[in-house]
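What follows is the content of entry_28.cif, which has mmCIF, C-alpha atoms:
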data_query
loop_
_atom_site.label_atom_id
_atom_site.label_comp_id
_atom_site.auth_asym_id
_atom_site.auth_seq_id
_atom_site.Cartn_x
_atom_site.Cartn_y
_atom_site.Cartn_z
CA MET A 1 0.39 14.71 18.30
CA TYR A 2 -1.30 11.50 17.25
CA THR A 3 0.69 8.72 15.60
CA LEU A 4 -1.19 6.50 13.16
CA HIS A 5 0.31 3.12 12.32
CA ILE A 6 -0.81 1.81 8.95
CA GLY A 7 0.01 -0.87 6.37
CA ASN A 8 0.96 -0.57 2.71
CA LYS A 9 -1.17 2.02 0.94
CA ASN A 10 -1.63 -0.13 -2.13
CA TYR A 11 -3.33 -2.86 -0.10
CA SER A 12 -4.48 -1.69 3.32
CA SER A 13 -8.14 -0.77 3.12
CA TRP A 14 -8.52 -0.79 6.91
CA SER A 15 -5.66 1.68 7.32
CA LEU A 16 -7.16 4.03 4.76
CA ARG A 17 -10.28 4.67 6.83
CA PRO A 18 -8.78 6.58 9.79
CA TRP A 19 -5.99 8.02 7.63
CA ILE A 20 -8.38 9.70 5.18
CA LEU A 21 -10.71 10.76 8.00
CA MET A 22 -7.92 12.54 9.86
CA ARG A 23 -6.44 13.96 6.68
CA GLU A 24 -9.71 15.42 5.40
CA LEU A 25 -10.69 16.80 8.81
CA GLY A 26 -7.31 18.46 9.18
CA LEU A 27 -6.28 16.53 12.30
CA ALA A 28 -2.52 16.57 12.75
CA PHE A 29 -0.86 13.16 12.97
CA GLU A 30 2.40 11.39 12.26
CA GLU A 31 2.17 8.44 9.91
CA LYS A 32 4.11 5.22 10.52
CA LEU A 33 3.90 2.75 7.64
CA HIS A 34 4.63 -0.94 8.25
CA VAL A 35 5.34 -3.21 5.30
CA PHE A 36 3.27 -6.39 5.15
CA GLY A 37 5.05 -9.74 5.18
CA ALA A 38 7.62 -11.43 7.40
CA GLY A 39 8.78 -8.15 8.96
CA PHE A 40 5.27 -7.07 9.93
CA LYS A 41 5.46 -7.37 13.71
CA VAL A 42 3.32 -4.62 15.17
CA LYS A 43 2.09 -6.90 17.95
CA GLU A 44 5.53 -8.05 19.07
CA SER A 45 6.72 -4.46 19.06
CA GLY A 46 3.81 -3.37 21.23
CA LEU A 47 2.40 -1.07 18.57
CA SER A 48 -0.96 -2.85 18.25
CA PRO A 49 -2.44 -5.37 20.72
CA SER A 50 -4.32 -7.13 17.91
CA GLY A 51 -1.25 -7.40 15.72
CA ARG A 52 -3.09 -5.53 13.00
CA VAL A 53 -3.25 -2.03 11.61
CA PRO A 54 -4.51 0.61 11.86
CA ALA A 55 -3.51 1.55 15.39
CA LEU A 56 -3.67 5.08 16.74
CA HIS A 57 -1.26 6.18 19.46
CA ASP A 58 -2.27 9.14 21.60
CA GLY A 59 0.58 9.52 24.05
CA LYS A 60 0.74 6.22 25.93
CA ARG A 61 -2.79 5.25 24.90
CA ILE A 62 -3.26 2.84 21.98
CA VAL A 63 -6.54 2.64 20.09
CA TRP A 64 -6.84 -0.10 17.51
CA ASP A 65 -9.50 -1.03 14.94
CA SER A 66 -10.74 1.56 12.46
CA LEU A 67 -14.22 1.93 13.97
CA ALA A 68 -12.84 2.34 17.49
CA ILE A 69 -10.41 4.97 16.20
CA ALA A 70 -13.28 6.90 14.61
CA GLU A 71 -15.24 6.87 17.85
CA TYR A 72 -12.17 7.88 19.85
CA LEU A 73 -11.57 10.83 17.55
CA ALA A 74 -15.26 11.79 17.70
CA GLU A 75 -14.96 12.29 21.45
CA ARG A 76 -12.20 14.84 20.84
CA HIS A 77 -12.96 16.55 17.54
CA ALA A 78 -16.00 17.95 15.78
CA GLY A 79 -16.98 16.69 12.35
CA VAL A 80 -16.28 12.98 12.69
CA TRP A 81 -20.03 12.31 12.89
CA PRO A 82 -22.69 14.81 11.78
CA ALA A 83 -24.27 17.14 14.35
CA ASP A 84 -27.83 16.29 13.24
CA GLU A 85 -29.15 13.34 15.26
CA ASP A 86 -30.88 11.59 12.35
CA ALA A 87 -27.84 11.96 10.11
CA ARG A 88 -25.57 10.79 12.91
CA ALA A 89 -27.67 7.68 13.54
CA TYR A 90 -27.63 6.82 9.84
CA ALA A 91 -23.88 7.50 9.55
CA ARG A 92 -23.05 5.23 12.48
CA CYS A 93 -25.26 2.43 11.14
CA ALA A 94 -23.85 2.68 7.61
CA ALA A 95 -20.25 2.76 8.81
CA SER A 96 -20.86 -0.18 11.13
CA GLU A 97 -22.50 -2.18 8.34
CA MET A 98 -19.50 -1.55 6.12
CA HIS A 99 -17.26 -2.58 9.00
CA SER A 100 -19.02 -5.90 9.58
CA SER A 101 -20.58 -6.88 6.25
CA PHE A 102 -19.92 -6.97 2.49
CA GLY A 103 -17.72 -10.06 2.84
CA THR A 104 -17.97 -11.10 -0.80
CA LEU A 105 -17.04 -7.62 -2.02
CA ARG A 106 -13.99 -7.69 0.26
CA ASN A 107 -12.92 -11.19 -0.76
CA ASP A 108 -13.64 -11.05 -4.49
CA CYS A 109 -12.38 -7.48 -4.90
CA SER A 110 -9.54 -7.05 -2.42
CA MET A 111 -8.01 -3.58 -2.40
CA ASN A 112 -5.12 -3.14 -4.79
CA CYS A 113 -5.05 0.51 -5.83
CA GLY A 114 -2.45 0.32 -8.55
CA VAL A 115 -3.97 -2.15 -10.98
CA ARG A 116 -7.01 -2.54 -13.21
CA VAL A 117 -8.63 -5.95 -13.26
CA GLU A 118 -11.16 -7.76 -15.41
CA LEU A 119 -13.02 -10.02 -13.00
CA ASN A 120 -13.48 -13.69 -13.83
CA GLY A 121 -17.15 -13.23 -13.16
CA HIS A 122 -19.74 -11.62 -10.91
CA SER A 123 -21.25 -14.08 -8.48
CA GLU A 124 -24.77 -13.62 -7.17
CA ALA A 125 -23.26 -12.86 -3.77
CA LEU A 126 -21.12 -10.08 -5.25
CA ARG A 127 -24.10 -8.66 -7.11
CA ALA A 128 -26.07 -8.70 -3.84
CA ASP A 129 -23.30 -6.83 -2.03
CA VAL A 130 -23.14 -4.17 -4.74
CA ALA A 131 -26.93 -3.82 -4.72
CA ARG A 132 -26.96 -3.36 -0.95
CA LEU A 133 -24.14 -0.85 -1.23
CA CYS A 134 -26.16 1.21 -3.70
CA GLU A 135 -29.25 0.97 -1.50
CA LEU A 136 -27.29 2.21 1.49
CA TRP A 137 -25.76 5.10 -0.43
CA SER A 138 -29.10 6.11 -1.95
CA GLU A 139 -30.63 6.36 1.51
CA GLY A 140 -27.97 8.73 2.76
CA LEU A 141 -27.69 10.87 -0.35
CA LYS A 142 -31.47 11.31 -0.65
CA ARG A 143 -32.26 11.82 3.04
CA PHE A 144 -29.48 14.28 3.80
CA GLY A 145 -29.03 16.03 0.46
CA GLY A 146 -25.41 15.14 -0.33
CA PRO A 147 -22.89 15.57 -1.71
CA PHE A 148 -21.63 13.21 1.00
CA LEU A 149 -23.57 10.40 2.63
CA ALA A 150 -24.66 12.26 5.75
CA GLY A 151 -24.91 15.73 4.27
CA ALA A 152 -22.71 18.53 3.03
CA LYS A 153 -19.50 17.55 4.79
CA PHE A 154 -17.16 14.55 4.55
CA GLY A 155 -17.12 12.47 7.72
CA ALA A 156 -16.44 9.06 9.16
CA VAL A 157 -19.21 7.33 7.20
CA ASP A 158 -17.60 8.47 3.94
CA ALA A 159 -14.16 7.44 5.19
CA PHE A 160 -15.45 3.91 5.70
CA PHE A 161 -16.48 3.71 2.05
CA CYS A 162 -13.29 5.21 0.63
CA PRO A 163 -11.73 1.74 0.17
CA VAL A 164 -14.84 0.78 -1.81
CA ALA A 165 -14.18 3.70 -4.16
CA PHE A 166 -10.75 2.23 -4.93
CA ARG A 167 -12.31 -1.21 -5.44
CA VAL A 168 -14.81 0.21 -7.92
CA GLN A 169 -11.93 1.83 -9.82
CA THR A 170 -9.72 -1.27 -9.75
CA TYR A 171 -12.34 -3.81 -10.81
CA GLY A 172 -14.51 -1.61 -13.01
CA LEU A 173 -17.63 -2.35 -10.99
CA GLU A 174 -20.67 -0.94 -12.77
CA LEU A 175 -22.83 1.38 -10.69
CA PRO A 176 -25.82 3.62 -11.38
CA ALA A 177 -24.82 7.18 -12.31
CA GLU A 178 -25.59 8.73 -8.90
CA HIS A 179 -23.47 6.15 -7.12
CA GLN A 180 -20.61 6.41 -9.60
CA ALA A 181 -20.71 10.17 -9.05
CA TYR A 182 -20.29 9.58 -5.32
CA VAL A 183 -17.32 7.28 -6.00
CA ASP A 184 -15.77 9.92 -8.24
CA ARG A 185 -16.31 12.50 -5.50
CA LEU A 186 -14.38 10.36 -3.03
CA LEU A 187 -11.58 9.65 -5.49
CA SER A 188 -11.19 13.37 -6.15
CA LEU A 189 -10.56 14.26 -2.49
CA PRO A 190 -7.04 15.64 -1.95
CA GLY A 191 -6.30 12.97 0.63
CA MET A 192 -7.47 10.17 -1.65
CA LYS A 193 -5.26 11.48 -4.45
CA ALA A 194 -2.28 11.58 -2.07
CA TRP A 195 -2.95 8.04 -0.83
CA TYR A 196 -3.31 6.76 -4.39
CA GLU A 197 -0.06 8.33 -5.59
CA ALA A 198 1.79 6.89 -2.60
CA GLY A 199 0.28 3.47 -3.30
CA LEU A 200 1.40 3.60 -6.92
CA ALA A 201 4.93 4.49 -5.81
CA GLU A 202 5.29 1.43 -3.56
CA THR A 203 7.59 -1.20 -5.03
CA PHE A 204 6.83 -3.90 -2.45
CA ARG A 205 4.55 -6.78 -3.42
CA ASP A 206 2.78 -8.82 -0.76
CA GLN A 207 2.29 -12.30 -2.16
CA PRO A 208 -0.97 -13.19 -0.34
CA HIS A 209 -2.55 -10.01 -1.70
CA GLU A 210 -1.19 -10.72 -5.17
CA ASP A 211 -2.55 -14.28 -5.02
CA GLU A 212 -6.00 -12.93 -4.15
CA LEU A 213 -5.76 -10.65 -7.15
CA ALA A 214 -4.77 -13.49 -9.48
CA ALA A 215 -7.71 -15.57 -8.28
CA ALA A 216 -10.13 -12.69 -8.85
CA GLY A 217 -9.37 -12.00 -12.48
CA ARG A 218 -6.96 -10.81 -15.14
CA ILE A 219 -4.81 -7.72 -14.67
CA THR A 220 -5.36 -5.45 -17.66
CA ARG A 221 -3.14 -2.59 -16.45
CA ASP A 222 -0.48 -2.41 -13.75
CA LEU A 223 0.22 1.21 -12.90
CA ARG A 224 2.49 0.53 -9.95
CA ALA A 225 6.18 1.36 -9.78
CA ALA A 226 8.45 -1.50 -10.82
CA LYS A 227 8.67 -4.30 -8.28
CA ALA A 228 11.66 -4.09 -5.97
CA THR A 229 14.33 -6.72 -6.59
CA ALA A 230 16.32 -8.45 -3.87
#

Would you mind writing the file's structure down as structure tokens?
Amino acid sequence: MYTLHIGNKNYSSWSLRPWILMRELGLAFEEKLHVFGAGFKVKESGLSPSGRVPALHDGKRIVWDSLAIAEYLAERHAGVWPADEDARAYARCAASEMHSSFGTLRNDCSMNCGVRVELNGHSEALRADVARLCELWSEGLKRFGGPFLAGAKFGAVDAFFCPVAFRVQTYGLELPAEHQAYVDRLLSLPGMKAWYEAGLAETFRDQPHEDELAAAGRITRDLRAAKATA
């Protein structure tokens, strides 16, 4: 059985990608959660060569980085990428663009599932990222008929945008109706609901992530379990 090493569910957008992909495709795996902070030593322990999560263990083989994990799984399981060549080409491009771009969206709206935030403002760079996001989603939904980006079934390309769905929810990002409907579709997935509930239940707070949140805007609701005390 696979073992997937991940970070805190409230914060770890990168971990969510392979986790939700495997969960929604029904691939059996054991989850190992590592708490961010001083005790986060996945490199020293040999769990991840990069020192980051996610990292997938398949026997003695270690695959790290969310995109590499998706490709590794695609070599072994159907459904990671669509069977249709055009849809598969689009899905790989869209997932790769999400993997390498949208820096302002990541920085200004870091993932923090359990809160609702009123942003200090929307920079032109953030507006550009959101506009490109909508353009990318429109292409997939229109070309391949939905309800997911590359057609009728959830796959890796959708998994790569699942963290964006949480960002939209957290920061109240305004989207056109068709794109909000896609976000709602992702949030309603059984795996996304399970991830969200687990994130809300976490009592750990990672200060760098909390500092990013404070710089971004004002918390209007904090739905997380009470912070753990020493």

Counting all atoms listed in the file, what are the residues of region 146-204 of chain A within 6 Å of region 63-87 of chain A, and for each of them which pair of atoms is the nearest and at what distance in Å, to one decimal? Sort the table by chain and rising number, as a tab-separated table.
residue	atom	partner	partner_atom	distance
A:Ala150	CA	A:Ala87	CA	5.4
A:Gly155	CA	A:Val80	CA	5.1
A:Ala156	CA	A:Val80	CA	5.3

| said: Evaluated on this file, the PyMOL selection byres ((chain A and resi 121-132) around 6) picks out some residues - which ones are they, written as a list in words? | reply: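 Checked against the file, the PyMOL selection byres ((chain A and resi 121-132) around 6) matches Phe102, Thr104, Leu105, Leu119, Asn120, Leu133, Cys134 and Glu135 of chain A.
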
| So what do you get for CA of Thr3 (chain A) versus CA of Val35 (chain A), distance-wise? | 16.4 Å

| request: Go through A:Ala215, A:Leu21, A:Glu202, A:Val42 and flag the residue nearest Leu189 (chain A), using all atoms listed in the file for the distances. | output: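 The shortest atom-to-atom distance to Leu189 (chain A) comes from A:Leu21.
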
| Can you tell me, as a ChimeraX atom specification, what residues are no more than 12 Å from Glu212 (chain A) when counting only C-alpha atoms, ignoring any on the same chain fewer than 6 positions away? | /A:11,106-112,117,119,206,218-219

| request: Please evaluate the PyMOL selection byres ((chain A and resi 224) around 7) against the displayed coordinates and give the resulting residues as a list in words. | output: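 That expression, the PyMOL selection byres ((chain A and resi 224) around 7), corresponds here to Gly114, Leu200, Ala201, Asp222, Leu223, Ala225 and Ala226 of chain A.
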
| message | What does the structure give for the distance between CA of Ala214 (chain A) and CA of Pro176 (chain A), in Å to one decimal? | response |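 Separation of CA of Ala214 (chain A) and CA of Pro176 (chain A): 27.2 Å.
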
Complete the atom set of region 153-183 of chain A to N, CA and C atoms and return it as a compact mmCIF listing (two decimals), in the frame of the given file.
# COMPACT_ATOMS: atom_id res chain seq x y z
N LYS A 153 -20.90 17.68 4.42
CA LYS A 153 -19.50 17.55 4.79
C LYS A 153 -19.04 16.09 4.84
N PHE A 154 -17.80 15.87 4.44
CA PHE A 154 -17.16 14.55 4.55
C PHE A 154 -17.00 14.20 6.02
N GLY A 155 -17.28 12.94 6.34
CA GLY A 155 -17.12 12.47 7.72
C GLY A 155 -16.75 11.01 7.78
N ALA A 156 -16.88 10.44 8.95
CA ALA A 156 -16.44 9.06 9.16
C ALA A 156 -17.17 8.07 8.26
N VAL A 157 -18.47 8.28 8.04
CA VAL A 157 -19.21 7.33 7.20
C VAL A 157 -18.63 7.30 5.80
N ASP A 158 -18.22 8.44 5.27
CA ASP A 158 -17.60 8.47 3.94
C ASP A 158 -16.22 7.82 3.98
N ALA A 159 -15.48 8.05 5.05
CA ALA A 159 -14.16 7.44 5.19
C ALA A 159 -14.24 5.92 5.13
N PHE A 160 -15.31 5.36 5.69
CA PHE A 160 -15.45 3.91 5.70
C PHE A 160 -15.74 3.34 4.32
N PHE A 161 -16.23 4.18 3.41
CA PHE A 161 -16.48 3.71 2.05
C PHE A 161 -15.39 4.13 1.06
N CYS A 162 -14.38 4.84 1.53
CA CYS A 162 -13.29 5.21 0.63
C CYS A 162 -12.57 4.00 0.03
N PRO A 163 -12.32 2.92 0.80
CA PRO A 163 -11.73 1.74 0.17
C PRO A 163 -12.62 1.15 -0.93
N VAL A 164 -13.93 1.27 -0.78
CA VAL A 164 -14.84 0.78 -1.81
C VAL A 164 -14.65 1.57 -3.10
N ALA A 165 -14.41 2.87 -2.97
CA ALA A 165 -14.18 3.70 -4.16
C ALA A 165 -12.97 3.18 -4.95
N PHE A 166 -11.91 2.81 -4.24
CA PHE A 166 -10.75 2.23 -4.93
C PHE A 166 -11.09 0.88 -5.55
N ARG A 167 -11.91 0.09 -4.88
CA ARG A 167 -12.31 -1.21 -5.44
C ARG A 167 -13.12 -1.02 -6.72
N VAL A 168 -14.02 -0.07 -6.71
CA VAL A 168 -14.81 0.21 -7.92
C VAL A 168 -13.88 0.58 -9.07
N GLN A 169 -12.89 1.41 -8.79
CA GLN A 169 -11.93 1.83 -9.82
C GLN A 169 -11.08 0.67 -10.31
N THR A 170 -10.60 -0.16 -9.39
CA THR A 170 -9.72 -1.27 -9.75
C THR A 170 -10.43 -2.32 -10.59
N TYR A 171 -11.64 -2.67 -10.17
CA TYR A 171 -12.34 -3.81 -10.81
C TYR A 171 -13.40 -3.38 -11.82
N GLY A 172 -13.54 -2.09 -12.03
CA GLY A 172 -14.51 -1.61 -13.01
C GLY A 172 -15.93 -2.00 -12.68
N LEU A 173 -16.28 -1.99 -11.39
CA LEU A 173 -17.63 -2.35 -10.99
C LEU A 173 -18.63 -1.34 -11.55
N GLU A 174 -19.68 -1.82 -12.15
CA GLU A 174 -20.67 -0.94 -12.77
C GLU A 174 -21.71 -0.51 -11.74
N LEU A 175 -21.89 0.81 -11.64
CA LEU A 175 -22.83 1.38 -10.69
C LEU A 175 -23.77 2.34 -11.41
N PRO A 176 -24.96 2.57 -10.85
CA PRO A 176 -25.82 3.62 -11.38
C PRO A 176 -25.10 4.97 -11.32
N ALA A 177 -25.53 5.91 -12.15
CA ALA A 177 -24.82 7.18 -12.31
C ALA A 177 -24.65 7.93 -10.99
N GLU A 178 -25.68 7.96 -10.14
CA GLU A 178 -25.59 8.73 -8.90
C GLU A 178 -24.55 8.12 -7.95
N HIS A 179 -24.42 6.81 -8.01
CA HIS A 179 -23.47 6.15 -7.12
C HIS A 179 -22.05 6.25 -7.67
N GLN A 180 -21.92 6.19 -9.00
CA GLN A 180 -20.61 6.41 -9.60
C GLN A 180 -20.14 7.84 -9.33
N ALA A 181 -21.07 8.78 -9.34
CA ALA A 181 -20.71 10.17 -9.05
C ALA A 181 -20.19 10.30 -7.63
N TYR A 182 -20.78 9.56 -6.70
CA TYR A 182 -20.29 9.58 -5.32
C TYR A 182 -18.89 8.98 -5.24
N VAL A 183 -18.66 7.88 -5.94
CA VAL A 183 -17.32 7.28 -6.00
C VAL A 183 -16.31 8.28 -6.55
